[in-house]
Amino acid sequence: MRSPTNPNQSANVTVRGVTAASGTQWVNITKGLSSAWSPHRSFATDERATRGRLAEQGVVLVAASWRQALEDVSRLEDFPAEAVAEQPGWVGASFALPDGTIFSPEGSQPPQIIFDPDASRCGLSGSMEGWIQRVARPLDGQSLPMFLLMAAFAAPIIEFTARSENFGFEVVGRPGCGKSTSQFLMSSALGGIRNTSAGKYWIAFDTTLDGLESAMQEHSSLPMIINEANLFYAHLSEKARATQLKALVFRLAQGHDKRRYGAEKPQPHRFVYVTSSNVSLATMIAGENGDVADAAFDRLMTLEVPDRCTGVFDFIPEGYANAEAFANRQEKAAHRHHGHAIRQFLAELVNERARGEKRLLRQIDKHMKAFRTKAASLEGVSTGRVAEAFALVYAAGKLAQRYGALPNDWHCGRAALACYRQMLEMSKRRPSFDLLLDAVLRKPGVVDLDCSNVERLDDNALAAIPAFLKTNRNGQREVLFHPPTLEEAIPGWKALINADGVRAFHTHDGDRLTKKRPVRSGTTDRMVCIVLPGDEN
């Protein structure tokens, strides 16, 4: 530990102040061999919380020793600037992982950790070579898993670009298509993948908006991998969940942690995040204000998993019976070998930055321009925010290859372009009613009237059923929606249902948007009636 600067001393307790790069004034209290930190303002605002914070770090102050420490803190006048790590991520030229590991340029003095390290994050197992050979290399040619592994290295370099906001990718597809597997493999570049005592890197989506905001500080300059977005506010209605998810996207883009205690002002956190869900954000907020929706889509970009037997994989390698067998093999390998790739990447990155930051920035810019040039041929325009995000992931992949953190024979450009192309194709269909229809039909509780008896449905039970399927007199399969239920599932459906390509499938009475259908015994109900594509005359 650095020698105290004009410290105040009482018995075996030493008190000194420092100013972090954020402008926050911190107090360091040393008692015997133990040392603890707390924001200067905390000593005047919340005695119990401050004593608890110090005790958790090993410095227990009771009675007279606490009163004396308060007096010493009150006399502090000198708060010299010092390199201290308030959170994971960049600290000057150094980088701190959540578990307290520091990467500093060769020959430099590393900053002191003053945040509470989490030993379960960024856990290590196996070896770097084992991860390359058994986890990363078998994914060669698998566009989506490759892209996500490249994205694992994008967050540490995001601040070297002109992009002012964070961004994310949502992996969307049917249950069982391998969405979680792709996130687990991405997590293995940074730490564990399973809920064991050794910990895991990814976090769950079964929390609140404020709960996810509190995770921003822990992921500063690192990827945030959030599994199963369908658990986010799962107790709310579809419309309410969509509102909360949209709010989350904008808050994550800004990266301001409003819960940061003791800071002079909310500190921005730079990161890249990846979510997974059965239904895309585009589907959830379809029909809302176009400008607001477009802004959300620019910040959370959809990577849709095709509806195919291989799921997230483009193909099944020889020797595996199916996608599940290959996914299980990859997850076992990732559980055995993890946590090395990010360390390999950061060790090289901090040294290259120290040798010449301008040269590093030129390298990143060169890779990003190369991607944008190729992307322009797909769309004609490649200067937008979406193309920039994909370009940054590509640049991170190229750096990771050069640093030995990804296989050097990977075709990073092919993988990034394939995902970008797929995202463009999906955006052209947004918001399309057939996609929205498909999303509703995936929901549990859809009733096939050809197979089920629903004679005793009351009004409440009717409203609780997402949709009905029924074969009409012409032998066509129809999907029937109770109008209030459809409005809840697809806000703005009245505008979407009249779009070209949808109108022909919509059966209705005159100027009404509904048709009478006998979905329950003894009565008919006004239902929104859609003939399933492929079954029309």
# chains A, B, ... in the order shown; residues from 1 in each chain; ligands from 1
>>> closest_atom_pairs(of="stretch 115-207 of chain A", to="stretch 301-320 of chain A", cutoff="12 Å", atoms="only C-alpha atoms", output="Markdown table")
| residue | atom | partner | partner_atom | distance |
| --- | --- | --- | --- | --- |
| A:Arg137 | CA | A:Pro317 | CA | 11.9 |
| A:Pro138 | CA | A:Pro317 | CA | 8.3 |
| A:Leu139 | CA | A:Phe313 | CA | 8.6 |
| A:Asp140 | CA | A:Pro317 | CA | 10.0 |
| A:Gly141 | CA | A:Asp314 | CA | 7.4 |
| A:Gln142 | CA | A:Asp314 | CA | 5.3 |
| A:Ser143 | CA | A:Asp314 | CA | 6.9 |
| A:Leu144 | CA | A:Val312 | CA | 6.5 |
| A:Pro145 | CA | A:Val312 | CA | 7.3 |
| A:Met146 | CA | A:Phe313 | CA | 9.9 |
| A:Phe147 | CA | A:Leu303 | CA | 10.1 |
| A:Leu148 | CA | A:Leu303 | CA | 10.1 |
| A:Asn166 | CA | A:Met301 | CA | 11.7 |
| A:Phe167 | CA | A:Met301 | CA | 8.0 |
| A:Gly168 | CA | A:Met301 | CA | 6.3 |
| A:Phe169 | CA | A:Met301 | CA | 4.7 |
| A:Glu170 | CA | A:Thr302 | CA | 4.9 |
| A:Val171 | CA | A:Leu303 | CA | 4.9 |
| A:Val172 | CA | A:Glu304 | CA | 4.8 |
| A:Gly173 | CA | A:Val305 | CA | 4.9 |
| A:Arg174 | CA | A:Asp307 | CA | 7.3 |
| A:Pro175 | CA | A:Gly311 | CA | 9.8 |
| A:Gly176 | CA | A:Gly311 | CA | 7.9 |
| A:Cys177 | CA | A:Gly311 | CA | 4.4 |
| A:Gly178 | CA | A:Val312 | CA | 5.5 |
| A:Lys179 | CA | A:Val312 | CA | 6.7 |
| A:Ser180 | CA | A:Val312 | CA | 9.7 |
| A:Thr181 | CA | A:Val312 | CA | 8.6 |
| A:Ser182 | CA | A:Val312 | CA | 7.3 |
| A:Gln183 | CA | A:Val312 | CA | 10.7 |
| A:Leu185 | CA | A:Val312 | CA | 11.9 |
>>> select_by_dssp(residues="stretch 31-170 of chain A", states="strand (DSSP E)", output="ChimeraX atom specification")
/A:31,34-39,84-85,89-91,94-96,102-103,112-113,167-170
>>> residues_around(residues="A:Pro484", least_positions_apart="3", cutoff="8 Å", atoms="only C-alpha atoms", output="PyMOL selection string")
chain A and resi 463+487-488
>>> write_last_selection(atoms="C-alpha atoms", output="mmCIF file, in the first residue's frame")
data_model
loop_
_atom_site.group_PDB
_atom_site.id
_atom_site.type_symbol
_atom_site.label_atom_id
_atom_site.label_comp_id
_atom_site.auth_asym_id
_atom_site.auth_seq_id
_atom_site.Cartn_x
_atom_site.Cartn_y
_atom_site.Cartn_z
ATOM 1 C CA ALA A 463 -59.784 -13.019 -21.839
ATOM 2 C CA GLU A 487 -54.671 -5.400 -27.955
ATOM 3 C CA GLU A 488 -52.766 -6.469 -24.859
#
>>> select_by_dssp(residues="stretch 134-166 of chain A", states="alpha helix (DSSP H)", output="list in words")
Ser143, Leu144, Pro145, Met146, Phe147, Leu148, Leu149, Met150 and Ala151 of chain A
>>> closest_residue(among="A:Gly397, A:Pro268, A:Gly92, A:Pro483", to="A:Ser108", atoms="only C-alpha atoms")
A:Gly92
>>> closest_residue(among="A:Gln68, A:Asn351, A:Thr275, A:Gln344", to="A:Tyr403", atoms="only C-alpha atoms")
A:Gln344
